[in-house]
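K.L.:
My structure is stored as upload_18.json, with JSON, C-alpha atoms.
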[["chain", "number", "residue", "atom", "x", "y", "z"],
["F", 1, "THR", "CA", 82.83, 83.31, 74.20],
["F", 2, "GLY", "CA", 84.34, 86.37, 72.57],
["F", 3, "VAL", "CA", 81.21, 88.09, 71.31],
["F", 4, "ARG", "CA", 77.58, 87.18, 71.89],
["F", 5, "THR", "CA", 74.70, 88.81, 70.05],
["F", 6, "ALA", "CA", 71.00, 88.00, 70.00],
["F", 7, "LYS", "CA", 71.59, 85.81, 66.93],
["F", 8, "THR", "CA", 75.00, 84.23, 67.38],
["F", 9, "GLN", "CA", 78.20, 83.98, 69.34],
["F", 10, "PHE", "CA", 81.83, 83.93, 68.29],
["F", 11, "ARG", "CA", 84.55, 82.04, 70.07],
["F", 12, "GLY", "CA", 88.25, 82.65, 70.03],
["F", 13, "ALA", "CA", 91.41, 81.76, 71.91],
["F", 14, "ALA", "CA", 91.83, 85.44, 72.72],
["F", 15, "VAL", "CA", 89.46, 88.35, 73.21],
["F", 16, "VAL", "CA", 90.59, 91.98, 73.44],
["F", 17, "ASN", "CA", 88.21, 94.43, 75.06],
["F", 18, "CYS", "CA", 88.85, 97.78, 73.38],
["F", 19, "ALA", "CA", 85.30, 99.13, 73.38],
["F", 20, "GLY", "CA", 86.03, 102.75, 74.29],
["F", 21, "ALA", "CA", 83.86, 104.44, 76.89],
["F", 22, "TRP", "CA", 81.69, 101.30, 77.18],
["F", 23, "ALA", "CA", 84.60, 98.90, 77.80],
["F", 24, "GLY", "CA", 84.24, 99.00, 81.57],
["F", 25, "GLN", "CA", 80.70, 97.63, 81.37],
["F", 26, "ILE", "CA", 81.52, 94.65, 79.20],
["F", 27, "GLY", "CA", 81.86, 91.30, 80.97],
["F", 28, "PRO", "CA", 83.20, 89.04, 82.09],
["F", 29, "ARG", "CA", 84.99, 91.51, 84.35],
["F", 30, "PRO", "CA", 84.11, 95.16, 85.01],
["F", 31, "PHE", "CA", 86.77, 97.86, 84.99],
["F", 32, "PRO", "CA", 86.69, 101.30, 86.65],
["F", 33, "LEU", "CA", 86.09, 103.36, 83.57],
["F", 34, "ARG", "CA", 83.94, 106.44, 83.11],
["F", 35, "PRO", "CA", 83.02, 108.42, 80.02],
["F", 36, "VAL", "CA", 84.20, 112.04, 79.82],
["F", 37, "LYS", "CA", 82.28, 114.04, 77.26],
["F", 38, "GLY", "CA", 84.05, 116.29, 74.79],
["F", 39, "GLN", "CA", 82.22, 118.68, 72.48],
["F", 40, "MET", "CA", 83.88, 119.83, 69.27],
["F", 41, "LEU", "CA", 83.00, 121.70, 66.14],
["F", 42, "ALA", "CA", 84.23, 122.18, 62.61],
["F", 43, "LEU", "CA", 84.41, 125.59, 60.98],
["F", 44, "VAL", "CA", 84.76, 126.46, 57.32],
["F", 45, "SER", "CA", 86.51, 129.68, 56.37],
["F", 46, "SER", "CA", 86.40, 131.32, 52.97],
["F", 47, "ASP", "CA", 90.22, 131.32, 53.20],
["F", 48, "HIS", "CA", 91.21, 127.64, 53.03],
["F", 49, "THR", "CA", 94.80, 128.56, 53.83],
["F", 50, "LEU", "CA", 93.96, 130.43, 57.03],
["F", 51, "LEU", "CA", 95.70, 127.81, 59.21],
["F", 52, "ARG", "CA", 98.50, 125.49, 58.16],
["F", 53, "HIS", "CA", 99.34, 123.96, 61.55],
["F", 54, "VAL", "CA", 97.74, 123.01, 64.85],
["F", 55, "VAL", "CA", 97.23, 125.86, 67.30],
["F", 56, "ARG", "CA", 96.88, 125.04, 71.00],
["F", 57, "ALA", "CA", 95.81, 127.32, 73.80],
["F", 58, "PRO", "CA", 94.59, 126.55, 77.33],
["F", 59, "GLU", "CA", 90.92, 127.00, 76.42],
["F", 60, "VAL", "CA", 90.82, 125.59, 72.88],
["F", 61, "TYR", "CA", 92.80, 123.93, 70.12],
["F", 62, "LEU", "CA", 92.51, 124.32, 66.35],
["F", 63, "VAL", "CA", 93.33, 121.60, 63.84],
["F", 64, "PRO", "CA", 93.30, 122.46, 60.12],
["F", 65, "ARG", "CA", 92.11, 119.69, 57.79],
["F", 66, "SER", "CA", 93.13, 119.20, 54.18],
["F", 67, "ASP", "CA", 89.56, 119.87, 52.98],
["F", 68, "GLY", "CA", 89.60, 123.39, 54.47],
["F", 69, "ARG", "CA", 87.68, 122.62, 57.64],
["F", 70, "ILE", "CA", 89.15, 123.71, 60.97],
["F", 71, "VAL", "CA", 88.34, 121.43, 63.88],
["F", 72, "VAL", "CA", 87.88, 123.26, 67.17],
["F", 73, "GLY", "CA", 88.05, 121.38, 70.43],
["F", 74, "SER", "CA", 87.31, 120.57, 73.03],
["F", 75, "THR", "CA", 85.48, 120.40, 76.32],
["F", 76, "LEU", "CA", 85.93, 118.01, 79.23],
["F", 77, "GLU", "CA", 82.60, 117.26, 80.87],
["F", 78, "GLU", "CA", 81.54, 114.71, 83.46],
["F", 79, "ALA", "CA", 78.20, 114.01, 81.79],
["F", 80, "GLY", "CA", 77.92, 110.24, 81.80],
["F", 81, "PHE", "CA", 76.96, 108.83, 78.41],
["F", 82, "ASP", "CA", 75.21, 112.04, 77.30],
["F", 83, "LYS", "CA", 76.41, 112.92, 73.80],
["F", 84, "ARG", "CA", 74.10, 115.87, 73.22],
["F", 85, "VAL", "CA", 75.66, 119.04, 71.84],
["F", 86, "ASP", "CA", 74.97, 122.24, 73.76],
["F", 87, "PRO", "CA", 74.55, 125.39, 71.60],
["F", 88, "ASP", "CA", 76.06, 127.64, 74.30],
["F", 89, "THR", "CA", 79.15, 125.43, 74.44],
["F", 90, "VAL", "CA", 79.45, 125.48, 70.64],
["F", 91, "HIS", "CA", 79.24, 129.27, 70.72],
["F", 92, "ARG", "CA", 81.88, 129.44, 73.48],
["F", 93, "LEU", "CA", 84.26, 127.21, 71.50],
["F", 94, "HIS", "CA", 83.70, 129.25, 68.33],
["F", 95, "GLN", "CA", 84.42, 132.46, 70.27],
["F", 96, "ALA", "CA", 87.58, 130.98, 71.80],
["F", 97, "ALA", "CA", 88.75, 130.04, 68.28],
["F", 98, "ALA", "CA", 88.07, 133.61, 67.09],
["F", 99, "ASN", "CA", 90.02, 134.98, 70.04],
["F", 100, "LEU", "CA", 93.06, 133.04, 68.77],
["F", 101, "VAL", "CA", 92.51, 133.62, 65.05],
["F", 102, "PRO", "CA", 90.15, 136.60, 64.55],
["F", 103, "ASP", "CA", 89.18, 135.58, 61.00],
["F", 104, "LEU", "CA", 87.52, 132.47, 62.47],
["F", 105, "GLY", "CA", 84.85, 134.72, 63.95],
["F", 106, "GLU", "CA", 83.40, 134.92, 60.43],
["F", 107, "ALA", "CA", 83.89, 131.23, 59.68],
["F", 108, "ARG", "CA", 80.77, 129.15, 59.04],
["F", 109, "LEU", "CA", 79.85, 126.42, 61.49],
["F", 110, "HIS", "CA", 80.00, 123.19, 59.46],
["F", 111, "GLU", "CA", 79.09, 120.73, 62.22],
["F", 112, "ALA", "CA", 79.26, 120.14, 65.95],
["F", 113, "TRP", "CA", 79.42, 116.86, 67.83],
["F", 114, "ALA", "CA", 80.23, 115.27, 71.15],
["F", 115, "GLY", "CA", 82.33, 112.21, 71.84],
["F", 116, "LEU", "CA", 83.03, 110.14, 74.91],
["F", 117, "ARG", "CA", 86.55, 109.59, 76.18],
["F", 118, "PRO", "CA", 87.15, 106.51, 78.34],
["F", 119, "CYS", "CA", 88.87, 107.53, 81.58],
["F", 120, "THR", "CA", 90.24, 105.49, 84.49],
["F", 121, "PRO", "CA", 90.50, 106.79, 88.07],
["F", 122, "ASP", "CA", 94.25, 107.47, 87.64],
["F", 123, "ASN", "CA", 93.92, 108.75, 84.02],
["F", 124, "LEU", "CA", 96.19, 105.98, 82.71],
["F", 125, "PRO", "CA", 95.08, 103.27, 80.30],
["F", 126, "ILE", "CA", 94.57, 99.65, 81.28],
["F", 127, "LEU", "CA", 96.64, 97.44, 78.98],
["F", 128, "GLY", "CA", 97.50, 93.78, 78.77],
["F", 129, "SER", "CA", 96.28, 90.49, 80.13],
["F", 130, "THR", "CA", 93.71, 90.06, 82.87],
["F", 131, "ASP", "CA", 93.14, 87.43, 85.54],
["F", 132, "ILE", "CA", 90.93, 85.59, 83.02],
["F", 133, "HIS", "CA", 92.87, 83.38, 80.61],
["F", 134, "GLY", "CA", 92.57, 84.65, 77.03],
["F", 135, "TYR", "CA", 90.93, 87.94, 78.03],
["F", 136, "PHE", "CA", 92.97, 91.06, 77.29],
["F", 137, "VAL", "CA", 92.22, 94.75, 77.59],
["F", 138, "ALA", "CA", 93.25, 97.96, 75.86],
["F", 139, "LEU", "CA", 91.07, 100.64, 77.39],
["F", 140, "GLY", "CA", 90.97, 103.94, 79.25],
["F", 141, "HIS", "CA", 93.18, 106.06, 76.97],
["F", 142, "PHE", "CA", 91.17, 109.19, 77.87],
["F", 143, "ARG", "CA", 92.21, 112.06, 75.54],
["F", 144, "ASN", "CA", 95.02, 110.15, 73.88],
["F", 145, "GLY", "CA", 93.25, 107.19, 72.31],
["F", 146, "ILE", "CA", 93.70, 108.23, 68.70],
["F", 147, "LEU", "CA", 97.31, 109.20, 69.37],
["F", 148, "LEU", "CA", 98.18, 105.88, 71.01],
["F", 149, "THR", "CA", 96.29, 103.56, 68.66],
["F", 150, "ALA", "CA", 99.29, 102.23, 66.75],
["F", 151, "ILE", "CA", 101.55, 101.56, 69.73],
["F", 152, "THR", "CA", 98.68, 100.08, 71.75],
["F", 153, "ALA", "CA", 97.77, 97.69, 68.93],
["F", 154, "HIS", "CA", 101.41, 96.68, 68.54],
["F", 155, "LEU", "CA", 101.91, 96.01, 72.26],
["F", 156, "ILE", "CA", 98.60, 94.18, 72.74],
["F", 157, "ALA", "CA", 99.34, 92.00, 69.70],
["F", 158, "GLN", "CA", 102.64, 91.04, 71.35],
["F", 159, "VAL", "CA", 100.91, 90.20, 74.65],
["F", 160, "VAL", "CA", 98.19, 88.15, 72.94],
["F", 161, "ARG", "CA", 100.83, 86.17, 71.04],
["F", 162, "GLY", "CA", 102.72, 85.49, 74.28],
["F", 163, "VAL", "CA", 105.66, 87.71, 73.33],
["F", 164, "SER", "CA", 107.14, 90.00, 75.98],
["F", 165, "PRO", "CA", 106.08, 93.52, 75.03],
["F", 166, "GLU", "CA", 108.76, 96.01, 74.06],
["F", 167, "PHE", "CA", 107.70, 98.27, 76.93],
["F", 168, "ASP", "CA", 106.88, 97.41, 80.52],
["F", 169, "LEU", "CA", 103.10, 97.30, 80.79],
["F", 170, "ALA", "CA", 103.09, 96.72, 84.57],
["F", 171, "PRO", "CA", 102.11, 100.35, 85.36],
["F", 172, "PHE", "CA", 99.08, 99.85, 83.11],
["F", 173, "SER", "CA", 97.98, 96.48, 84.50],
["F", 174, "ALA", "CA", 94.33, 95.85, 85.31],
["F", 175, "ALA", "CA", 95.57, 94.41, 88.61],
["F", 176, "ARG", "CA", 96.14, 97.94, 89.98],
["F", 177, "PHE", "CA", 92.38, 98.23, 90.39],
["F", 178, "ALA", "CA", 91.82, 94.82, 91.99],
["F", 179, "THR", "CA", 90.08, 94.97, 95.34]]
Represent the supplied structure as structure tokens.

P.N.:
Amino acid sequence: TGVRTAKTQFRGAAVVNCAGAWAGQIGPRPFPLRPVKGQMLALVSSDHTLLRHVVRAPEVYLVPRSDGRIVVGSTLEEAGFDKRVDPDTVHRLHQAAANLVPDLGEARLHEAWAGLRPCTPDNLPILGSTDIHGYFVALGHFRNGILLTAITAHLIAQVVRGVSPEFDLAPFSAARFAT
């Protein structure tokens, strides 16, 4: 069974577990995965051309968006599945952004949110087949999930189809966590 809900179940020759921070809890086999919370915010400046490129610093990064928002990130917090936003943390991130670009001190807070990054014990993703026929995994990308989406999908599609992947996935095998 690929997916089972209260109302139905779906079957398939192949199932890929790519359920983010929750992937380690999904059967038929658990994986050592923990959520790492990251709080972010979006600022809006009266000057929509204030930033034209990403700015990175040890304590914060700034990402300008085409609609004028500036995304400010991010924290790394061992908080389990808690996605609550902390006002003090939002203030600290806003201040760190203003320290880099002083005009951001006057920018309006548009929104703040928290996400959960799936992290393995060795901080590397788990990719490929498992010891269960037809069950594949693409999980544990930690902070790089959005950056690695395209290549991960390409490689997992190759593995599912029985094609040797273009890159050696052995260092990312689920077997490295077998006990």

K.L.:
With a distance cut-off of 10 Å and all atoms listed in the file, select the neighbouring residues of range 156-162 of chain F, excluding the residue or stretch itself and same-chain residues fewer than 5 positions from it, and output the selection as an NGL selection string.

P.N.:
:F and (13-16 or 127-129 or 134-138 or 151 or 169)

K.L.:
Would you kindly return, as a PyMOL selection string, each protein, DNA or RNA residue with an atom no farther than 10 Å from any atom of Arg29 in chain F, considering only C-alpha atoms and excluding same-chain residues fewer than 2 positions away?

P.N.:
chain F and resi 23-27+31+130-132+135

K.L.:
Could you tell me how far CA of Ala21 in chain F sits from CA of His110 in chain F, in Å to one decimal place?

P.N.:
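These two atoms are separated by 25.9 Å.
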
K.L.:
So that I can check the surroundings of Arg84 in chain F, please list as a VMD selection string every protein, DNA and RNA residue that reaches within 10 Å of it, counting all atoms listed in the file and ignoring chain neighbours fewer than 3 positions away.

P.N.:
chain F and resid 37 39 79 81 87 112 to 115

K.L.:
Record the distance separating CA of Leu104 in chain F and CA of Ile146 in chain F, expressed in Å with one decimal.

P.N.:
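Going from CA of Leu104 in chain F over to CA of Ile146 in chain F, I get 25.8 Å.
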
K.L.:
Residues at most 12 Å from Glu111 in chain F, counting all atoms listed in the file, excluding those fewer than 6 positions away in the same chain, as a PyMOL selection string?

P.N.:
chain F and resi 39-44+69-72+85+87+90+94

K.L.:
Hey, which of F:Pro35, F:Pro28, F:Pro165, F:Gly105 ends up closest to Glu77 in chain F? Count all atoms listed in the file.

P.N.:
F:Pro35

K.L.:
Can you work out the spacing between CA of Leu76 in chain F and CA of Ser173 in chain F in Å, to one decimal?

P.N.:
25.2 Å

K.L.:
For Ala97 in chain F, which of F:Arg56, F:Lys83, F:Lys7, F:His48 is the closest residue, counting only C-alpha atoms?

P.N.:
F:Arg56

K.L.:
I need the residue nearest Asn17 in chain F from this list: F:Asn123, F:Thr152, F:Ala175, F:Leu139. Use only C-alpha atoms for the distance.

P.N.:
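When distances to Asn17 in chain F are compared using only C-alpha atoms, the smallest one comes from F:Leu139.
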
K.L.:
Would you mind completing range 111-145 of chain F so that it carries N, CA and C atoms, and writing it out as a PDB file, keeping the file's coordinate frame?

P.N.:
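Written out: selection-v7.pdb:
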ATOM      1  N   GLU F 111      79.737 121.749  61.399  1.00  0.00           N
ATOM      2  CA  GLU F 111      79.090 120.730  62.220  1.00  0.00           C
ATOM      3  C   GLU F 111      79.610 120.821  63.648  1.00  0.00           C
ATOM      4  N   ALA F 112      78.858 120.236  64.550  1.00  0.00           N
ATOM      5  CA  ALA F 112      79.260 120.140  65.950  1.00  0.00           C
ATOM      6  C   ALA F 112      78.884 118.740  66.441  1.00  0.00           C
ATOM      7  N   TRP F 113      79.677 118.199  67.334  1.00  0.00           N
ATOM      8  CA  TRP F 113      79.420 116.860  67.830  1.00  0.00           C
ATOM      9  C   TRP F 113      80.021 116.700  69.214  1.00  0.00           C
ATOM     10  N   ALA F 114      79.659 115.607  69.855  1.00  0.00           N
ATOM     11  CA  ALA F 114      80.230 115.270  71.150  1.00  0.00           C
ATOM     12  C   ALA F 114      80.681 113.824  71.100  1.00  0.00           C
ATOM     13  N   GLY F 115      81.802 113.561  71.727  1.00  0.00           N
ATOM     14  CA  GLY F 115      82.330 112.210  71.840  1.00  0.00           C
ATOM     15  C   GLY F 115      82.551 111.870  73.298  1.00  0.00           C
ATOM     16  N   LEU F 116      82.797 110.600  73.549  1.00  0.00           N
ATOM     17  CA  LEU F 116      83.030 110.140  74.910  1.00  0.00           C
ATOM     18  C   LEU F 116      84.425 109.544  75.017  1.00  0.00           C
ATOM     19  N   ARG F 117      85.194 110.077  75.954  1.00  0.00           N
ATOM     20  CA  ARG F 117      86.550 109.590  76.180  1.00  0.00           C
ATOM     21  C   ARG F 117      86.539 108.639  77.369  1.00  0.00           C
ATOM     22  N   PRO F 118      87.112 107.455  77.221  1.00  0.00           N
ATOM     23  CA  PRO F 118      87.150 106.510  78.340  1.00  0.00           C
ATOM     24  C   PRO F 118      88.272 106.879  79.321  1.00  0.00           C
ATOM     25  N   CYS F 119      87.912 107.051  80.585  1.00  0.00           N
ATOM     26  CA  CYS F 119      88.870 107.530  81.580  1.00  0.00           C
ATOM     27  C   CYS F 119      88.887 106.610  82.803  1.00  0.00           C
ATOM     28  N   THR F 120      90.067 106.277  83.271  1.00  0.00           N
ATOM     29  CA  THR F 120      90.240 105.490  84.490  1.00  0.00           C
ATOM     30  C   THR F 120      90.423 106.430  85.676  1.00  0.00           C
ATOM     31  N   PRO F 121      90.320 105.928  86.896  1.00  0.00           N
ATOM     32  CA  PRO F 121      90.500 106.790  88.070  1.00  0.00           C
ATOM     33  C   PRO F 121      91.865 107.494  88.131  1.00  0.00           C
ATOM     34  N   ASP F 122      92.909 106.852  87.599  1.00  0.00           N
ATOM     35  CA  ASP F 122      94.250 107.470  87.640  1.00  0.00           C
ATOM     36  C   ASP F 122      94.648 108.084  86.298  1.00  0.00           C
ATOM     37  N   ASN F 123      93.705 108.145  85.349  1.00  0.00           N
ATOM     38  CA  ASN F 123      93.920 108.750  84.020  1.00  0.00           C
ATOM     39  C   ASN F 123      94.935 108.011  83.155  1.00  0.00           C
ATOM     40  N   LEU F 124      95.284 106.800  83.514  1.00  0.00           N
ATOM     41  CA  LEU F 124      96.190 105.980  82.710  1.00  0.00           C
ATOM     42  C   LEU F 124      95.408 104.832  82.092  1.00  0.00           C
ATOM     43  N   PRO F 125      95.799 104.386  80.911  1.00  0.00           N
ATOM     44  CA  PRO F 125      95.080 103.270  80.300  1.00  0.00           C
ATOM     45  C   PRO F 125      95.295 101.963  81.056  1.00  0.00           C
ATOM     46  N   ILE F 126      94.434 101.019  80.779  1.00  0.00           N
ATOM     47  CA  ILE F 126      94.570  99.650  81.280  1.00  0.00           C
ATOM     48  C   ILE F 126      94.938  98.802  80.073  1.00  0.00           C
ATOM     49  N   LEU F 127      96.100  98.174  80.136  1.00  0.00           N
ATOM     50  CA  LEU F 127      96.640  97.440  78.980  1.00  0.00           C
ATOM     51  C   LEU F 127      97.154  96.078  79.397  1.00  0.00           C
ATOM     52  N   GLY F 128      96.873  95.076  78.583  1.00  0.00           N
ATOM     53  CA  GLY F 128      97.500  93.780  78.770  1.00  0.00           C
ATOM     54  C   GLY F 128      96.530  92.673  79.116  1.00  0.00           C
ATOM     55  N   SER F 129      97.072  91.655  79.755  1.00  0.00           N
ATOM     56  CA  SER F 129      96.280  90.490  80.130  1.00  0.00           C
ATOM     57  C   SER F 129      95.482  90.792  81.388  1.00  0.00           C
ATOM     58  N   THR F 130      94.517  89.944  81.653  1.00  0.00           N
ATOM     59  CA  THR F 130      93.710  90.060  82.870  1.00  0.00           C
ATOM     60  C   THR F 130      93.849  88.759  83.650  1.00  0.00           C
ATOM     61  N   ASP F 131      93.116  88.657  84.748  1.00  0.00           N
ATOM     62  CA  ASP F 131      93.140  87.430  85.540  1.00  0.00           C
ATOM     63  C   ASP F 131      92.302  86.319  84.903  1.00  0.00           C
ATOM     64  N   ILE F 132      91.710  86.588  83.752  1.00  0.00           N
ATOM     65  CA  ILE F 132      90.930  85.590  83.020  1.00  0.00           C
ATOM     66  C   ILE F 132      91.738  85.171  81.799  1.00  0.00           C
ATOM     67  N   HIS F 133      92.055  83.892  81.714  1.00  0.00           N
ATOM     68  CA  HIS F 133      92.870  83.380  80.610  1.00  0.00           C
ATOM     69  C   HIS F 133      92.227  83.725  79.261  1.00  0.00           C
ATOM     70  N   GLY F 134      93.026  84.321  78.375  1.00  0.00           N
ATOM     71  CA  GLY F 134      92.570  84.650  77.030  1.00  0.00           C
ATOM     72  C   GLY F 134      91.817  85.961  76.915  1.00  0.00           C
ATOM     73  N   TYR F 135      91.667  86.674  78.044  1.00  0.00           N
ATOM     74  CA  TYR F 135      90.930  87.940  78.030  1.00  0.00           C
ATOM     75  C   TYR F 135      91.916  89.084  78.257  1.00  0.00           C
ATOM     76  N   PHE F 136      92.018  89.961  77.267  1.00  0.00           N
ATOM     77  CA  PHE F 136      92.970  91.060  77.290  1.00  0.00           C
ATOM     78  C   PHE F 136      92.219  92.381  77.186  1.00  0.00           C
ATOM     79  N   VAL F 137      92.875  93.442  77.637  1.00  0.00           N
ATOM     80  CA  VAL F 137      92.220  94.750  77.590  1.00  0.00           C
ATOM     81  C   VAL F 137      93.170  95.810  77.041  1.00  0.00           C
ATOM     82  N   ALA F 138      92.567  96.762  76.352  1.00  0.00           N
ATOM     83  CA  ALA F 138      93.250  97.960  75.860  1.00  0.00           C
ATOM     84  C   ALA F 138      92.216  99.065  75.968  1.00  0.00           C
ATOM     85  N   LEU F 139      92.153  99.697  77.137  1.00  0.00           N
ATOM     86  CA  LEU F 139      91.070 100.640  77.390  1.00  0.00           C
ATOM     87  C   LEU F 139      91.522 101.779  78.302  1.00  0.00           C
ATOM     88  N   GLY F 140      90.726 102.826  78.341  1.00  0.00           N
ATOM     89  CA  GLY F 140      90.970 103.940  79.250  1.00  0.00           C
ATOM     90  C   GLY F 140      92.020 104.927  78.794  1.00  0.00           C
ATOM     91  N   HIS F 141      92.162 105.141  77.500  1.00  0.00           N
ATOM     92  CA  HIS F 141      93.180 106.060  76.970  1.00  0.00           C
ATOM     93  C   HIS F 141      92.832 107.538  77.125  1.00  0.00           C
ATOM     94  N   PHE F 142      91.636 107.830  77.617  1.00  0.00           N
ATOM     95  CA  PHE F 142      91.170 109.190  77.870  1.00  0.00           C
ATOM     96  C   PHE F 142      91.341 110.054  76.620  1.00  0.00           C
ATOM     97  N   ARG F 143      92.088 111.121  76.670  1.00  0.00           N
ATOM     98  CA  ARG F 143      92.210 112.060  75.540  1.00  0.00           C
ATOM     99  C   ARG F 143      93.225 111.615  74.495  1.00  0.00           C
ATOM    100  N   ASN F 144      93.916 110.524  74.747  1.00  0.00           N
ATOM    101  CA  ASN F 144      95.020 110.150  73.880  1.00  0.00           C
ATOM    102  C   ASN F 144      94.773 108.887  73.058  1.00  0.00           C
ATOM    103  N   GLY F 145      93.543 108.430  73.012  1.00  0.00           N
ATOM    104  CA  GLY F 145      93.250 107.190  72.310  1.00  0.00           C
ATOM    105  C   GLY F 145      93.702 107.183  70.861  1.00  0.00           C
TER     106      GLY F 145
END
